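Following: one structure in structure tokens, then a few remarks.
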Number of protein chains: 2
Amino acid sequence: MPNIINQRDLDFLVYEFFNCEALTERERYTEHNRETFDATIDLARRIAEDKFMPIQKKVDEVEPTFDGETVTMVPEIKDAIDTVIQSGLGATTADFELGGMQLPYVVSSAAYSYLTAAASTTLGYVGLTNANANLIEAHGTAEQIEKWVVPMRDGRFAGTMAMTEPGAGSGLADLTTTADRAEDGTYRIRGSKIFISGGDHEISDNIVHLVLARIKGAPKGVKGISLFIVPKFMVNDDGTVGERNDVALSGLWHKMGGRGHTSTSLSFGEKGGAIGYLVGEEHHGLKYMFHMMNEARILVGTGAACTALIGYQYSLDYAKERLQGRLLSNKNPESAPVPIIKHTDVKRMLLTQKAYAEGAFTLCLYGSSLYEDEKTAETQEQRDKASLLLDFLTPIIKTWPSEYGPKANDLAIQVLGGHGYMNEHPVEMYYRDNRLNPIHEGTTGIQSLDLLGRKVPMNGFAGYQAMLAEMRSTIEAEQARLPEQCDALARAIARLEETTTALMTVAATENPDLAMANSVEYLDFFGNVVVAWVWLKMGAVASKGLDHLSHDSDEAFYRGKLQAMKFFFEYQLPKVYASADLLCSANRTTFDMQEDWF
Amino acid sequence: MPNIINQRDLDFLVYEFFNCEALTERERYTEHNRETFDATIDLARRIAEDKFMPIQKKVDEVEPTFDGETVTMVPEIKDAIDTVIQSGLGATTADFELGGMQLPYVVSSAAYSYLTAAASTTLGYVGLTNANANLIEAHGTAEQIEKWVVPMRDGRFAGTMAMTEPGAGSGLADLTTTADRAEDGTYRIRGSKIFISGGDHEISDNIVHLVLARIKGAPKGVKGISLFIVPKFMVNDDGTVGERNDVALSGLWHKMGGRGHTSTSLSFGEKGGAIGYLVGEEHHGLKYMFHMMNEARILVGTGAACTALIGYQYSLDYAKERLQGRLLSNKNPESAPVPIIKHTDVKRMLLTQKAYAEGAFTLCLYGSSLYEDEKTAETQEQRDKASLLLDFLTPIIKTWPSEYGPKANDLAIQVLGGHGYMNEHPVEMYYRDNRLNPIHEGTTGIQSLDLLGRKVPMNGFAGYQAMLAEMRSTIEAEQARLPEQCDALARAIARLEETTTALMTVAATENPDLAMANSVEYLDFFGNVVVAWVWLKMGAVASKGLDHLSHDSDEAFYRGKLQAMKFFFEYQLPKVYASADLLCSANRTTFDMQEDWF
């Protein structure tokens with residue numbers, strides 16, 4: 001069985017980096033301890049090994065089919081998903097009284113890393129269902145929670161998010177699905193949605209679609225969008241599943257990767273109108289949907305990071321086994337070939353993967369820790385601060401892993417050489433699976449506009465300033481221990497501030513479109529700075545670990561962490577200065593390019 | 001029918017940039033003129049449109065199968081290849097008297113760009129056959145040429161290159177296939193080869209394998225390797241195809257992409273020994289193979305560039321048609337959505353593709369022009385200089401397009417968003433096809449060692465100095481016209497020289513392994529400088545074209561070239577300075593990394 005995740009690294013993150021044992025002092029977690037945390041992570045590992053790893057390749061090769069009535073997919077998918085649900089891992093963070101495990105978010109995310117890495121997109125059925133349930137729980141009525149959330153938490157129903165339309169991808173303002181109010185207070189939904197993940201399947205008894213639509217007479221644009229619960233099957237008052245609603249699968253998409261999760265086109269209301277139930281108030285749908293979308297964005301980043309981790313692990317194991325060539329200084333052809341991990345360029349490719357994958361994953365866990373503090377930190381001030389940081393960082397947590405995860409997988413292919421290009425090994429599949437992540441739940445371009453156009457100036461730059469302050473407080477704390485990296489990060493932050501000021505000035509005094517012209521460079525710049533900070537923090541913990549070694553075997557682990565930190569600071573972080581120069585000069589080259597010049 | 005290549009760009013390259021009409025003054029080309037050049041390019045375009053574009057998707061979806069006896073592949077492949085051969089395009093540059101078209105190499109490469117872009121790897125059958133024939137023509141006996149080259153030129157036989165073995169990928173020194181001399185002067189070949197492109201198929205009457213093997217008692221390492229012609233079927237004295245030789249297909253590889261060209265495992269001599277004919281002298285096989293490999297490396301670069309070009313073209317056409325969203329400054333939701341090409345970030349993604357794809361393709365055509373001059377330039381001095389430059393540049397011509405071509409295709413996917421991830425559009429296939437190019441014919445890592453370890457110091461830095469001198473003479477010539485880019489290129493070259501000196505010093509005084517530790521960064525640095533130079537030259541030609549417009553419609557084209565040049569200088573070239581800093585400090589981070597730290 002190939003390794004999925006480095007367990008030592010997971011322990012490092014959960015116990016040394018995020019110090020999750022301290023959370024057991026919070027009232028919500030008093031019944032937990034390291035043993036229950038470990039048991040959960042171990043449970044996830046075993047399910048990943050037993051149920052998802054063995055079907056990875058089959059799921060990739062056997063795409064789901066649709067015969068006009070039913071979607072047929074690899075049957076082992078249902079078994080694997082059911083095992084997750086039955087094990088309780090479908091509700092790791094939910095309250096005990098709702099049948100949940102009531103675990104801290106970081107512990108839950110750590111456990112899920114095994115499942116996410118092994119299952120790649122197959123686990124999407126669980127993730128989207130939870131996010132859907134969380135939205136209804138937050139914004140629905142008590143009756144809606146009873147009717148839809150409870151069976152989703154039980155795993156009997158699945159959930160989706162139905163936003164995209166054929167004529168409006170990223171441009172939600174133009175969506176045309178309509179909703180007509182019926183006399184009984186329900187609505188009739190009519191329209192077409194595309195790219196709906198998990199839009200139809202036979203895994204669950206029912207599917208709860210959350211659909212964005214426009215009520216007749218609503219304002220144009222995003223301020224006229226409402227949100228509806230539109231089930232595949234109606235649900236009777238006693239909770240049993242009733243008649244089919246007017247929702248039809250109109251087709252399956254054939255994807256480059258990520259084939260564990262069906263991507264569908266859905267038609268609503270072809271036979272008169274699908275019955276929908278309004279969530280919250282009319283015309284406020286997009287705000288509610290962002291509740292789910294923000295969660296989905298973090299999930300996308302985490303998925304990208306976990307797929308990078310498993311690809312790294314696979315290529316690392318391969319590089320230790322595969323014999324080929326000799327060191328350059330050895331000119332003796334009689335000597336034995338060496339494992340390729342001894343070649344410096346292979347070490348470069350592995351170290352790059354380690355720096356990207358572990359940096360990305362730790363960033364995502366940091367997102368989970370902010371979510372934790374937002375919910376359970378002791379003071380209101382701590383909770384507000386966590387909320388502010390999470391909101392600010394969401395486009396970065398979504399995008400940095402999504403952009404650098406595929407780069408890591410690309411290097412996993414390269415480590416295996418010709419063998420990496422063949423489907424005898426899973427690395428080319430990991431690449432294909434990961435390639436969706438810069439696209440769905442808001443492309444990298446959309447995220448960059450969100451960061452620079454909205455999140456940075458938001459509330460008088462409050463989130464932006466809070467993030468810089470966080471990073472500076474780490475620099476202050478670790479200056480004596482890691483002076484070189486602290487100085488480098490301080491320089492990069494200073495340049496980031498100059499850049500931000502320059503762009504805000506262009507936006508205010510010149511042209512907002514021009515200020516946004518290189519927003520993707522800005523997002524990449526900010527992301528690299530944040531991940532450098534994450535690496536500095538990891539390096540500091542590792543350095544302290546080296547000072548107080550409890551096991552000899554830990555030494556190599558900590559040295560590896562420090563070397564990956566050095567790598568990130570020496571090979572990756574310096575790239576931001578070219579971005580900074582481009583941004584500070586408000587470069588107009590792409591902005592000025594004309595359509596007929598191409 | 002989607003556009004394959006921008007014909008205006010091809011005309012620009014053939015007639016304005018490389019001035020191929022002037023070649024008709026060379027004796028070899030006196031019977032040619034612009035009409036014959038245009039007719040050839042047009043012929044290639046039509047075959048690409050009629051025979052290759054319609055089968056692209058089918059070739060990708062229907063992988064070849066092997067029933068133990070016969071390889072079955074999409075039948076239209078044979079028809080398409082036969083059409084190329086029958087049209088004469090199989091022998092564009094061969095002598096008239098050998099049935100060739102006797103065209104200049106740049107014109108041939110320009111014509112082939114249509115076929116290569118449309119056919120992707122399917123055309124590999126023709127390319128490898130030609131390279132095989134060229135090797136035997138250069139190093140074989142008259143009898144071997146008559147027996148093997150003539151039917152390959154006719155298209156009756158196909159050719160392969162059989163190097164890689166299961167236990168020795170990039171490490172040719174360890175190959176174990178053996179050759180025993182028989183009494184009749186032929187050899188008996190025994191061993192296994194993998195990743196043999198076109199190793200078995202039913203397209204041709206026979207397949208001529210060029211096989212590297214070790215004669216019993218030969219020295220270890222690369223100095224004990226000999227080269228053999230090993231046919232699939234024996235050939236009788238009258239040229240008819242005879243009995244099956246002892247060469248068997250042992251399996252087909254299933255690839256991420258590039259499915260038009262079978263990748264095979266071959267067993268030689270399982271029934272006693274495959275009959276092989278020595279090429280040239282014993283133990284000198286690798287030197288001869290490099291004749292073919294160098295040609296194959298240029299073909300790989302060109303394939304990567306053409307796949308980038310067609311992906312660019314596809315995403316450009318899509319971006320002009322697809323309506324979505326509004327400009328940022330337009331807050332009126334009642335206004336109509338705009339074609340996405342109007343969004344600056346989409347322009348960025350298209351301009352990046354243009355800069356990468358056209359830069360890479362022009363670099364490859366420059367390789368063809370050097371090959372031309374090596375063969376037909378007037379003076380020996382000119383021929384020697386061209387030969388020196390081509391030899392020096394081969395790792396860059398192979399690698400830069402192979403690394404940046406997939407990056408261009410990756411952006412083509414991103415321009416199409418969710419649609420780009422689905423196989424309804426070909427861009428995800430272009431990416432998968434292109435991903436092989438940094439691997440085969442010597443990985444990027446191997447190319448970087450070739451450049452820094454061999455090509456740079458070769459002959460007292462002769463090739464290196466010649467390349468810098470070429471670039472400096474362009475700077476001198478265009479300083480007045482394009483001062484900003486000339487200055488930027490001069491700065492980058494100066495930094496490249498400092499870097500090279502620093503690395504050579506480390507190699508000489510410290511540790512050659514350490515000097516090579518970041519060789520991939522060096523190759524990337526050098527490649528970016530060379531492509532910046534290529535763009536400067538294109539910019540200069542475009543700028544002159546703007547001064548003397550013969551058609552109004554040319555203005556937009558020239559402005560686009562200049563804008564892409566600006567883009568390359570402002571967005572891409574500045575990235576080399578981070579590489580330079582890393583290299584000049586002889587960074588030890590990857591070098592020092594230990595196996596057990598991962």
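Quick note on naming: the chains in the structure tokens go A, B, ... in the order shown, residues restart at 1 in each chain, and ligands are numbered from 1 in order of appearance.
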
### Query
Which polymer residues have any atom within 8 Å of an atom of Val59 of chain B, counting only C-alpha atoms, with same-chain residues fewer than 2 positions away left out, as a PyMOL selection string?
chain B and resi 55-57+61-63+74+77+259-260

### Message
DSSP on the backbone: which residues in segment 134-279 of chain B end up as strand (DSSP E or B)? Give the answer as a PyMOL selection string.
### Response
chain B and resi 157-162+165+168+178-181+187-197+206-215+225-231+233-235+241-244+247-252+255+263-268+274-278

### Message
Residues near Thr589 of chain A, anyone? I mean within 9 Å using only C-alpha atoms, not counting same-chain ones fewer than 5 positions away, as a list in words.
### Response
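Returned residues: Arg348, Gln563, Ala564, Lys566, Phe567 and Glu570 of chain B.
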
Print the selection's residues with N, CA and C atoms to a file, as an mmCIF file, in the first residue's frame.
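Output file out.cif follows:
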```
data_model
loop_
_atom_site.group_PDB
_atom_site.id
_atom_site.type_symbol
_atom_site.label_atom_id
_atom_site.label_comp_id
_atom_site.auth_asym_id
_atom_site.auth_seq_id
_atom_site.Cartn_x
_atom_site.Cartn_y
_atom_site.Cartn_z
ATOM 1 N N ARG B 348 -4.347 39.027 -20.326
ATOM 2 C CA ARG B 348 -3.079 38.568 -19.757
ATOM 3 C C ARG B 348 -2.825 37.101 -20.108
ATOM 4 N N GLN B 563 3.483 44.311 -28.802
ATOM 5 C CA GLN B 563 2.937 44.211 -27.448
ATOM 6 C C GLN B 563 3.378 42.900 -26.786
ATOM 7 N N ALA B 564 3.426 41.832 -27.565
ATOM 8 C CA ALA B 564 3.882 40.558 -27.006
ATOM 9 C C ALA B 564 5.366 40.647 -26.635
ATOM 10 N N LYS B 566 6.852 43.421 -25.649
ATOM 11 C CA LYS B 566 6.836 44.188 -24.393
ATOM 12 C C LYS B 566 6.466 43.266 -23.226
ATOM 13 N N PHE B 567 5.452 42.472 -23.437
ATOM 14 C CA PHE B 567 5.021 41.560 -22.383
ATOM 15 C C PHE B 567 6.171 40.654 -21.955
ATOM 16 N N GLU B 570 8.652 42.590 -19.940
ATOM 17 C CA GLU B 570 8.198 43.166 -18.672
ATOM 18 C C GLU B 570 7.685 42.121 -17.678
#
```

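Distances to Asp67 of chain A were evaluated for A:Ser170, A:Ser369, A:Ser250, A:Thr30 using only C-alpha atoms, and the minimum falls at A:Ser250.
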